[in-house]
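Each remark here refers to the structure printed beneath this line.
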Amino acid sequence: VDLTTLVTMSRASPDSFVEENVLHRLVTNLLNEQNTKKSDKDTKLDVLNILANVAAGSKSSVAEVRTALQGVNEWFDEYMAKEELTPGQEPEMYKAMVLLLARCWEYKIKTEDVLELTQGNRKIALCTVVGLLEDGETYSTELRQRQKPGLGKMGQWEHELVCHKYEKPLLLQICRLLRGFTHPGTYFESSTEELALYSVEKFSQEMDTLLEITMRSTLVEKLSMALYD
């Protein structure tokens with residue numbers, strides 16, 4: 001199912017999607033749909049983008065999105081986790097979900113929430129947040145009229161790629177999520193028994209992996225640029 005037009009509409013007029021249970025039907029019929037012929041990964045990403053766009057609207061729109069999210073079933077959580085485990089690919093669904101949750105909860109989600117979303121996988125969680133920062137913007141395909149209809153000629157339309165920069169509160173939210181990866185509580189529980197059982201070697205390997213992601217992505221430079229802009 002191609003939802004390109006709906007994605008564009010949700011950005012231009014988010015409040016119009018709160019009528020007639022549109023969001024609920026998108027979640028029920030497409031996001032929770034297990035048949036990939038009816039709803040594949042791209043369709044589900046479009047649904048998440050529509051929800052995120054609507055959540056950038058009025059307070060009533062945000063409330064409708066939060067209500068619609070209550071209809072997301074456990075199957076979709078497992079589907080999302082399975083899709084994002086493919087090595088070498090961007091965690092697009094997790095990025096879309098973090099964007100959506102941030103807008104729904106007034107840019108106050110925590111690093112622990114992202115870790116819960118990624119089922120405790122810190123590498124994927126960090127890649128998700130870094131990926132959002134690297135994007136710094138979202139893209140949508142919009143229909144633009146190239147030529148108006150006239151005498152002896154037809155109107156012409158074309159698809160155009162449009163860039164939309166992230167709002168400042170979202171960039172600050174991403175920065176806070178990244179800061180959470182520097183906090184000991186992200187890696188250790190308060191239980192002394194768990195600390196004793198935690199392998200030093202395992203911890204060192206995980207730190208090396210997270211530092212490699214940080215260095216490869218030139219994260220400090222990108223944080224500085226995002227806050228400067």
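Chain identifiers are assigned as A, B, and so on, following the order in which chains appear in the structure tokens; residues are numbered from 1 within each chain, and ligands are numbered from 1 in order of appearance.
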**Item:** helix (DSSP H, G or I) per DSSP on the backbone: members of region 152-216 of chain A, as a ChimeraX atom specification
**Value:** /A:168-180,184-186,192-197,200-216
Resulting file, chosen residues, N, CA, C and O atoms, as a short mmCIF file (atom, residue, chain, number, x, y, z; two decimals), in the first residue's frame:
data_model
loop_
_atom_site.label_atom_id
_atom_site.label_comp_id
_atom_site.auth_asym_id
_atom_site.auth_seq_id
_atom_site.Cartn_x
_atom_site.Cartn_y
_atom_site.Cartn_z
N LYS A 168 13.57 22.42 17.07
CA LYS A 168 14.60 22.56 18.10
C LYS A 168 14.34 21.67 19.32
O LYS A 168 15.28 21.05 19.84
N PRO A 169 13.10 21.60 19.83
CA PRO A 169 12.87 20.72 20.99
C PRO A 169 13.25 19.27 20.72
O PRO A 169 13.70 18.56 21.62
N LEU A 170 13.08 18.81 19.48
CA LEU A 170 13.45 17.43 19.14
C LEU A 170 14.97 17.26 19.16
O LEU A 170 15.48 16.25 19.65
N LEU A 171 15.70 18.25 18.65
CA LEU A 171 17.16 18.17 18.68
C LEU A 171 17.68 18.15 20.12
O LEU A 171 18.61 17.40 20.44
N LEU A 172 17.06 18.94 20.98
CA LEU A 172 17.45 18.94 22.39
C LEU A 172 17.12 17.60 23.05
O LEU A 172 17.87 17.10 23.88
N GLN A 173 15.98 17.01 22.66
CA GLN A 173 15.61 15.69 23.15
C GLN A 173 16.66 14.65 22.76
O GLN A 173 17.07 13.81 23.57
N ILE A 174 17.11 14.69 21.50
CA ILE A 174 18.13 13.75 21.03
C ILE A 174 19.42 13.92 21.83
O ILE A 174 20.06 12.93 22.21
N CYS A 175 19.78 15.17 22.11
CA CYS A 175 20.99 15.42 22.90
C CYS A 175 20.87 14.82 24.30
O CYS A 175 21.83 14.23 24.83
N ARG A 176 19.70 14.93 24.91
CA ARG A 176 19.51 14.36 26.25
C ARG A 176 19.56 12.84 26.21
O ARG A 176 20.08 12.19 27.13
N LEU A 177 19.02 12.25 25.14
CA LEU A 177 19.07 10.79 25.00
C LEU A 177 20.51 10.31 24.87
O LEU A 177 20.90 9.30 25.45
N LEU A 178 21.31 11.05 24.13
CA LEU A 178 22.72 10.68 23.97
C LEU A 178 23.47 10.82 25.29
O LEU A 178 24.31 10.00 25.63
N ARG A 179 23.15 11.85 26.04
CA ARG A 179 23.78 12.04 27.35
C ARG A 179 23.49 10.85 28.27
O ARG A 179 24.34 10.46 29.10
N GLY A 180 22.33 10.24 28.10
CA GLY A 180 21.97 9.10 28.93
C GLY A 180 22.93 7.93 28.78
O GLY A 180 23.08 7.12 29.70
N PRO A 184 26.01 5.78 34.42
CA PRO A 184 26.21 4.38 34.86
C PRO A 184 24.93 3.57 34.92
O PRO A 184 24.94 2.36 34.67
N GLY A 185 23.81 4.24 35.26
CA GLY A 185 22.55 3.52 35.37
C GLY A 185 22.08 2.91 34.06
O GLY A 185 21.24 2.00 34.05
N THR A 186 22.63 3.38 32.95
CA THR A 186 22.29 2.82 31.65
C THR A 186 22.88 1.42 31.48
O THR A 186 22.37 0.61 30.71
N THR A 192 23.55 -4.97 43.90
CA THR A 192 24.97 -5.31 44.02
C THR A 192 25.24 -6.72 43.51
O THR A 192 26.33 -7.02 43.03
N GLU A 193 24.25 -7.60 43.61
CA GLU A 193 24.41 -8.96 43.11
C GLU A 193 24.60 -8.95 41.60
O GLU A 193 25.46 -9.65 41.07
N GLU A 194 23.82 -8.15 40.91
CA GLU A 194 23.95 -8.05 39.46
C GLU A 194 25.29 -7.45 39.06
O GLU A 194 25.91 -7.84 38.08
N LEU A 195 25.77 -6.48 39.86
CA LEU A 195 27.07 -5.87 39.57
C LEU A 195 28.18 -6.90 39.70
O LEU A 195 29.12 -6.93 38.90
N ALA A 196 28.06 -7.75 40.70
CA ALA A 196 29.09 -8.76 40.93
C ALA A 196 29.12 -9.78 39.80
O ALA A 196 30.18 -10.30 39.45
N LEU A 197 27.95 -10.07 39.23
CA LEU A 197 27.88 -11.08 38.17
C LEU A 197 28.23 -10.51 36.80
O LEU A 197 28.47 -11.25 35.86
N VAL A 200 33.47 -8.11 33.55
CA VAL A 200 34.28 -6.95 33.18
C VAL A 200 34.65 -7.02 31.70
O VAL A 200 34.64 -6.01 30.99
N GLU A 201 34.95 -8.21 31.22
CA GLU A 201 35.30 -8.38 29.82
C GLU A 201 34.13 -8.04 28.91
O GLU A 201 34.28 -7.37 27.89
N LYS A 202 32.94 -8.49 29.30
CA LYS A 202 31.74 -8.20 28.52
C LYS A 202 31.49 -6.70 28.48
O LYS A 202 31.16 -6.14 27.42
N PHE A 203 31.66 -6.03 29.63
CA PHE A 203 31.45 -4.60 29.69
C PHE A 203 32.46 -3.87 28.81
O PHE A 203 32.10 -2.93 28.08
N SER A 204 33.71 -4.31 28.83
CA SER A 204 34.75 -3.67 28.02
C SER A 204 34.46 -3.82 26.53
O SER A 204 34.63 -2.87 25.76
N GLN A 205 34.00 -4.99 26.14
CA GLN A 205 33.66 -5.22 24.74
C GLN A 205 32.50 -4.32 24.29
O GLN A 205 32.52 -3.76 23.19
N GLU A 206 31.52 -4.19 25.17
CA GLU A 206 30.37 -3.34 24.83
C GLU A 206 30.79 -1.88 24.73
O GLU A 206 30.37 -1.16 23.81
N MET A 207 31.65 -1.44 25.64
CA MET A 207 32.14 -0.06 25.60
C MET A 207 32.92 0.21 24.32
O MET A 207 32.80 1.26 23.70
N ASP A 208 33.74 -0.76 23.92
CA ASP A 208 34.51 -0.61 22.68
C ASP A 208 33.58 -0.45 21.48
O ASP A 208 33.83 0.37 20.59
N THR A 209 32.49 -1.23 21.48
CA THR A 209 31.52 -1.14 20.38
C THR A 209 30.83 0.22 20.34
O THR A 209 30.72 0.84 19.28
N LEU A 210 30.40 0.71 21.51
CA LEU A 210 29.70 1.99 21.57
C LEU A 210 30.65 3.15 21.23
O LEU A 210 30.26 4.11 20.57
N LEU A 211 31.91 3.04 21.70
CA LEU A 211 32.89 4.08 21.38
C LEU A 211 33.21 4.10 19.89
O LEU A 211 33.41 5.17 19.30
N GLU A 212 33.24 2.92 19.29
CA GLU A 212 33.51 2.84 17.85
C GLU A 212 32.40 3.54 17.06
O GLU A 212 32.66 4.25 16.09
N ILE A 213 31.15 3.35 17.49
CA ILE A 213 30.01 4.03 16.85
C ILE A 213 30.16 5.54 17.01
O ILE A 213 29.95 6.31 16.07
N THR A 214 30.54 5.96 18.22
CA THR A 214 30.71 7.39 18.52
C THR A 214 31.79 8.02 17.65
O THR A 214 31.60 9.10 17.08
N MET A 215 32.94 7.34 17.55
CA MET A 215 34.06 7.88 16.77
C MET A 215 33.75 7.86 15.28
O MET A 215 34.02 8.83 14.56
N ARG A 216 33.18 6.77 14.80
CA ARG A 216 32.89 6.64 13.37
C ARG A 216 31.89 7.69 12.90
O ARG A 216 31.97 8.19 11.78
#
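The neighbours of Cys127 (chain A) here are the residues that come within 10 Å of it, using only C-alpha atoms and leaving out any residue fewer than 5 positions away in the same chain; they are Glu90, Pro91, Tyr94, Lys95, Arg122, Leu132, Leu133, Leu210, Ile213, Thr214 and Ser217 of chain A.
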With only C-alpha atoms counted and 8 Å as the cut-off, give the residues of region 87-197 of chain A in contact with region 54-65 of chain A, each with its shortest interatomic distance in Å and the pair that gives it, as CSV.
residue,atom,partner,partner_atom,distance
A:Leu100,CA,A:Ala55,CA,7.1
A:Arg103,CA,A:Ala55,CA,5.8
A:Cys104,CA,A:Ala55,CA,5.8
**Prompt:** In Å to one decimal, how far is CA of Met9 (chain A) from CA of Pro149 (chain A)?
**Reply:**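 These atoms are spaced 23.0 Å apart.
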**Request:** Between CA of Thr111 (chain A) and CA of Ala96 (chain A), measure the distance and give it in Å to one decimal.
**Result:** 15.5 Å
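Shortest atom-to-atom contact with Lys41 (chain A) among A:Met93, A:Asn21, A:Asn73, A:Lys82: A:Met93, counting only C-alpha atoms.
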Set the distance at 9 Å and use only C-alpha atoms: which residues neighbour Met80 (chain A) once local chain neighbours fewer than 4 positions away are removed? I'd like the list as a PDB file with all heavy atoms, in the first residue's frame.
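Wrote it out as part-v7.pdb, contents follow:
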ATOM      1  N   TRP A  75       2.576  -8.233  18.574  1.00  0.00           N
ATOM      2  CA  TRP A  75       3.179  -8.770  17.357  1.00  0.00           C
ATOM      3  C   TRP A  75       4.026  -7.714  16.670  1.00  0.00           C
ATOM      4  O   TRP A  75       5.130  -8.003  16.204  1.00  0.00           O
ATOM      5  CB  TRP A  75       2.096  -9.247  16.378  1.00  0.00           C
ATOM      6  CG  TRP A  75       2.692  -9.632  15.058  1.00  0.00           C
ATOM      7  CD1 TRP A  75       3.231 -10.830  14.721  1.00  0.00           C
ATOM      8  CD2 TRP A  75       2.881  -8.774  13.913  1.00  0.00           C
ATOM      9  NE1 TRP A  75       3.730 -10.791  13.429  1.00  0.00           N
ATOM     10  CE2 TRP A  75       3.528  -9.550  12.924  1.00  0.00           C
ATOM     11  CE3 TRP A  75       2.559  -7.446  13.628  1.00  0.00           C
ATOM     12  CZ2 TRP A  75       3.866  -9.024  11.667  1.00  0.00           C
ATOM     13  CZ3 TRP A  75       2.897  -6.919  12.391  1.00  0.00           C
ATOM     14  CH2 TRP A  75       3.540  -7.712  11.419  1.00  0.00           C
ATOM     15  N   PHE A  76       3.550  -6.470  16.619  1.00  0.00           N
ATOM     16  CA  PHE A  76       4.311  -5.420  15.944  1.00  0.00           C
ATOM     17  C   PHE A  76       5.620  -5.141  16.674  1.00  0.00           C
ATOM     18  O   PHE A  76       6.648  -4.887  16.037  1.00  0.00           O
ATOM     19  CB  PHE A  76       3.499  -4.131  15.834  1.00  0.00           C
ATOM     20  CG  PHE A  76       4.279  -3.006  15.220  1.00  0.00           C
ATOM     21  CD1 PHE A  76       4.589  -3.013  13.865  1.00  0.00           C
ATOM     22  CD2 PHE A  76       4.742  -1.951  16.000  1.00  0.00           C
ATOM     23  CE1 PHE A  76       5.333  -1.991  13.291  1.00  0.00           C
ATOM     24  CE2 PHE A  76       5.479  -0.928  15.433  1.00  0.00           C
ATOM     25  CZ  PHE A  76       5.777  -0.949  14.074  1.00  0.00           C
ATOM     26  N   GLU A  84      14.898  -4.986  12.682  1.00  0.00           N
ATOM     27  CA  GLU A  84      16.029  -4.094  12.954  1.00  0.00           C
ATOM     28  C   GLU A  84      17.307  -4.837  13.316  1.00  0.00           C
ATOM     29  O   GLU A  84      18.324  -4.203  13.598  1.00  0.00           O
ATOM     30  CB  GLU A  84      15.671  -3.113  14.082  1.00  0.00           C
ATOM     31  CG  GLU A  84      14.440  -2.276  13.808  1.00  0.00           C
ATOM     32  CD  GLU A  84      14.596  -1.301  12.637  1.00  0.00           C
ATOM     33  OE1 GLU A  84      14.870  -1.761  11.496  1.00  0.00           O
ATOM     34  OE2 GLU A  84      14.450  -0.108  12.835  1.00  0.00           O
ATOM     35  N   LEU A  85      17.276  -6.155  13.332  1.00  0.00           N
ATOM     36  CA  LEU A  85      18.459  -6.942  13.682  1.00  0.00           C
ATOM     37  C   LEU A  85      19.364  -7.221  12.492  1.00  0.00           C
ATOM     38  O   LEU A  85      20.451  -7.772  12.660  1.00  0.00           O
ATOM     39  CB  LEU A  85      18.045  -8.272  14.332  1.00  0.00           C
ATOM     40  CG  LEU A  85      17.533  -8.177  15.773  1.00  0.00           C
ATOM     41  CD1 LEU A  85      17.085  -9.541  16.266  1.00  0.00           C
ATOM     42  CD2 LEU A  85      18.617  -7.615  16.702  1.00  0.00           C
ATOM     43  N   MET A  93      12.931   1.775  11.559  1.00  0.00           N
ATOM     44  CA  MET A  93      11.669   1.688  12.304  1.00  0.00           C
ATOM     45  C   MET A  93      11.839   2.201  13.730  1.00  0.00           C
ATOM     46  O   MET A  93      10.959   2.886  14.263  1.00  0.00           O
ATOM     47  CB  MET A  93      11.148   0.252  12.305  1.00  0.00           C
ATOM     48  CG  MET A  93      10.848  -0.282  10.916  1.00  0.00           C
ATOM     49  SD  MET A  93       9.770  -1.724  10.895  1.00  0.00           S
ATOM     50  CE  MET A  93       8.177  -0.959  11.133  1.00  0.00           C
ATOM     51  N   TYR A  94      12.976   1.884  14.337  1.00  0.00           N
ATOM     52  CA  TYR A  94      13.235   2.399  15.676  1.00  0.00           C
ATOM     53  C   TYR A  94      13.378   3.921  15.645  1.00  0.00           C
ATOM     54  O   TYR A  94      12.894   4.622  16.542  1.00  0.00           O
ATOM     55  CB  TYR A  94      14.495   1.770  16.261  1.00  0.00           C
ATOM     56  CG  TYR A  94      14.300   0.383  16.814  1.00  0.00           C
ATOM     57  CD1 TYR A  94      15.310  -0.569  16.725  1.00  0.00           C
ATOM     58  CD2 TYR A  94      13.119   0.009  17.448  1.00  0.00           C
ATOM     59  CE1 TYR A  94      15.142  -1.855  17.235  1.00  0.00           C
ATOM     60  CE2 TYR A  94      12.934  -1.266  17.963  1.00  0.00           C
ATOM     61  CZ  TYR A  94      13.954  -2.192  17.856  1.00  0.00           C
ATOM     62  OH  TYR A  94      13.778  -3.463  18.371  1.00  0.00           O
ATOM     63  N   THR A 118      14.259  -1.055  22.251  1.00  0.00           N
ATOM     64  CA  THR A 118      15.196  -1.934  21.531  1.00  0.00           C
ATOM     65  C   THR A 118      15.473  -3.228  22.287  1.00  0.00           C
ATOM     66  O   THR A 118      16.418  -3.939  21.975  1.00  0.00           O
ATOM     67  CB  THR A 118      16.529  -1.210  21.276  1.00  0.00           C
ATOM     68  OG1 THR A 118      17.140  -0.871  22.527  1.00  0.00           O
ATOM     69  CG2 THR A 118      16.313   0.054  20.459  1.00  0.00           C
TER      70      THR A 118
END
**Request:** Do a neighbour search on Lys148 (chain A) at 12 Å with only C-alpha atoms, toss out local chain neighbours closer than 6 positions, and write the hits as a PyMOL selection string.
**Result:** chain A and resi 154-158
**Asked** Could you write out, as a PyMOL selection string, all the residues of region 98-229 of chain A that DSSP marks as strand (DSSP E)?
**Response** chain A and resi 137-147+156-165
Generate a file of the selected residues that holds N, CA, C and O atoms, formatted as a PDB file, in the first residue's frame.
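Writing done, so here's again37.pdb:
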ATOM      1  N   GLU A 137      16.672  15.909   9.933  1.00  0.00           N
ATOM      2  CA  GLU A 137      15.566  16.365   9.093  1.00  0.00           C
ATOM      3  C   GLU A 137      14.831  15.149   8.560  1.00  0.00           C
ATOM      4  O   GLU A 137      15.344  14.037   8.596  1.00  0.00           O
ATOM      5  N   THR A 138      13.641  15.351   8.086  1.00  0.00           N
ATOM      6  CA  THR A 138      12.889  14.282   7.442  1.00  0.00           C
ATOM      7  C   THR A 138      12.578  14.704   6.012  1.00  0.00           C
ATOM      8  O   THR A 138      12.581  15.894   5.683  1.00  0.00           O
ATOM      9  N   TYR A 139      12.315  13.715   5.187  1.00  0.00           N
ATOM     10  CA  TYR A 139      12.018  13.982   3.781  1.00  0.00           C
ATOM     11  C   TYR A 139      10.647  13.413   3.448  1.00  0.00           C
ATOM     12  O   TYR A 139      10.237  12.388   3.979  1.00  0.00           O
ATOM     13  N   SER A 140       9.975  14.084   2.565  1.00  0.00           N
ATOM     14  CA  SER A 140       8.697  13.571   2.078  1.00  0.00           C
ATOM     15  C   SER A 140       8.590  13.866   0.588  1.00  0.00           C
ATOM     16  O   SER A 140       9.219  14.790   0.068  1.00  0.00           O
ATOM     17  N   THR A 141       7.821  13.043  -0.088  1.00  0.00           N
ATOM     18  CA  THR A 141       7.585  13.259  -1.512  1.00  0.00           C
ATOM     19  C   THR A 141       6.231  13.925  -1.674  1.00  0.00           C
ATOM     20  O   THR A 141       5.211  13.407  -1.225  1.00  0.00           O
ATOM     21  N   GLU A 142       6.224  15.090  -2.290  1.00  0.00           N
ATOM     22  CA  GLU A 142       4.987  15.843  -2.456  1.00  0.00           C
ATOM     23  C   GLU A 142       4.671  16.020  -3.935  1.00  0.00           C
ATOM     24  O   GLU A 142       5.564  16.091  -4.776  1.00  0.00           O
ATOM     25  N   LEU A 143       3.384  16.061  -4.220  1.00  0.00           N
ATOM     26  CA  LEU A 143       2.936  16.304  -5.595  1.00  0.00           C
ATOM     27  C   LEU A 143       2.870  17.804  -5.851  1.00  0.00           C
ATOM     28  O   LEU A 143       2.221  18.543  -5.111  1.00  0.00           O
ATOM     29  N   ARG A 144       3.550  18.256  -6.885  1.00  0.00           N
ATOM     30  CA  ARG A 144       3.538  19.659  -7.255  1.00  0.00           C
ATOM     31  C   ARG A 144       3.053  19.807  -8.700  1.00  0.00           C
ATOM     32  O   ARG A 144       3.415  18.990  -9.556  1.00  0.00           O
ATOM     33  N   GLN A 145       2.260  20.844  -8.930  1.00  0.00           N
ATOM     34  CA  GLN A 145       1.761  21.078 -10.282  1.00  0.00           C
ATOM     35  C   GLN A 145       2.857  21.751 -11.114  1.00  0.00           C
ATOM     36  O   GLN A 145       3.334  22.836 -10.791  1.00  0.00           O
ATOM     37  N   ARG A 146       3.231  21.047 -12.161  1.00  0.00           N
ATOM     38  CA  ARG A 146       4.270  21.564 -13.053  1.00  0.00           C
ATOM     39  C   ARG A 146       3.687  22.481 -14.123  1.00  0.00           C
ATOM     40  O   ARG A 146       4.293  23.472 -14.523  1.00  0.00           O
ATOM     41  N   GLN A 147       2.499  22.138 -14.576  1.00  0.00           N
ATOM     42  CA  GLN A 147       1.862  22.932 -15.640  1.00  0.00           C
ATOM     43  C   GLN A 147       0.364  22.948 -15.422  1.00  0.00           C
ATOM     44  O   GLN A 147      -0.265  21.916 -15.193  1.00  0.00           O
ATOM     45  N   GLN A 156      -0.023  19.139 -15.736  1.00  0.00           N
ATOM     46  CA  GLN A 156       1.046  18.185 -15.461  1.00  0.00           C
ATOM     47  C   GLN A 156       1.462  18.279 -13.992  1.00  0.00           C
ATOM     48  O   GLN A 156       1.620  19.376 -13.451  1.00  0.00           O
ATOM     49  N   TRP A 157       1.641  17.093 -13.403  1.00  0.00           N
ATOM     50  CA  TRP A 157       2.047  17.015 -11.997  1.00  0.00           C
ATOM     51  C   TRP A 157       3.318  16.196 -11.905  1.00  0.00           C
ATOM     52  O   TRP A 157       3.567  15.324 -12.720  1.00  0.00           O
ATOM     53  N   GLU A 158       4.114  16.471 -10.874  1.00  0.00           N
ATOM     54  CA  GLU A 158       5.333  15.698 -10.683  1.00  0.00           C
ATOM     55  C   GLU A 158       5.611  15.536  -9.188  1.00  0.00           C
ATOM     56  O   GLU A 158       5.172  16.355  -8.372  1.00  0.00           O
ATOM     57  N   HIS A 159       6.339  14.463  -8.861  1.00  0.00           N
ATOM     58  CA  HIS A 159       6.738  14.243  -7.476  1.00  0.00           C
ATOM     59  C   HIS A 159       7.995  15.054  -7.184  1.00  0.00           C
ATOM     60  O   HIS A 159       8.912  15.110  -7.998  1.00  0.00           O
ATOM     61  N   GLU A 160       8.025  15.650  -6.002  1.00  0.00           N
ATOM     62  CA  GLU A 160       9.181  16.458  -5.620  1.00  0.00           C
ATOM     63  C   GLU A 160       9.603  16.085  -4.197  1.00  0.00           C
ATOM     64  O   GLU A 160       8.768  15.960  -3.301  1.00  0.00           O
ATOM     65  N   LEU A 161      10.909  15.884  -4.008  1.00  0.00           N
ATOM     66  CA  LEU A 161      11.436  15.551  -2.688  1.00  0.00           C
ATOM     67  C   LEU A 161      11.591  16.833  -1.879  1.00  0.00           C
ATOM     68  O   LEU A 161      12.285  17.758  -2.288  1.00  0.00           O
ATOM     69  N   VAL A 162      10.933  16.866  -0.721  1.00  0.00           N
ATOM     70  CA  VAL A 162      10.941  18.071   0.114  1.00  0.00           C
ATOM     71  C   VAL A 162      11.607  17.761   1.449  1.00  0.00           C
ATOM     72  O   VAL A 162      11.343  16.722   2.065  1.00  0.00           O
ATOM     73  N   CYS A 163      12.497  18.648   1.883  1.00  0.00           N
ATOM     74  CA  CYS A 163      13.226  18.479   3.141  1.00  0.00           C
ATOM     75  C   CYS A 163      12.556  19.286   4.246  1.00  0.00           C
ATOM     76  O   CYS A 163      12.197  20.448   4.057  1.00  0.00           O
ATOM     77  N   HIS A 164      12.388  18.662   5.425  1.00  0.00           N
ATOM     78  CA  HIS A 164      11.800  19.339   6.578  1.00  0.00           C
ATOM     79  C   HIS A 164      12.762  19.176   7.757  1.00  0.00           C
ATOM     80  O   HIS A 164      13.001  18.067   8.218  1.00  0.00           O
ATOM     81  N   LYS A 165      13.334  20.270   8.232  1.00  0.00           N
ATOM     82  CA  LYS A 165      14.286  20.202   9.340  1.00  0.00           C
ATOM     83  C   LYS A 165      13.569  19.908  10.656  1.00  0.00           C
ATOM     84  O   LYS A 165      12.439  20.335  10.867  1.00  0.00           O
TER      85      LYS A 165
END
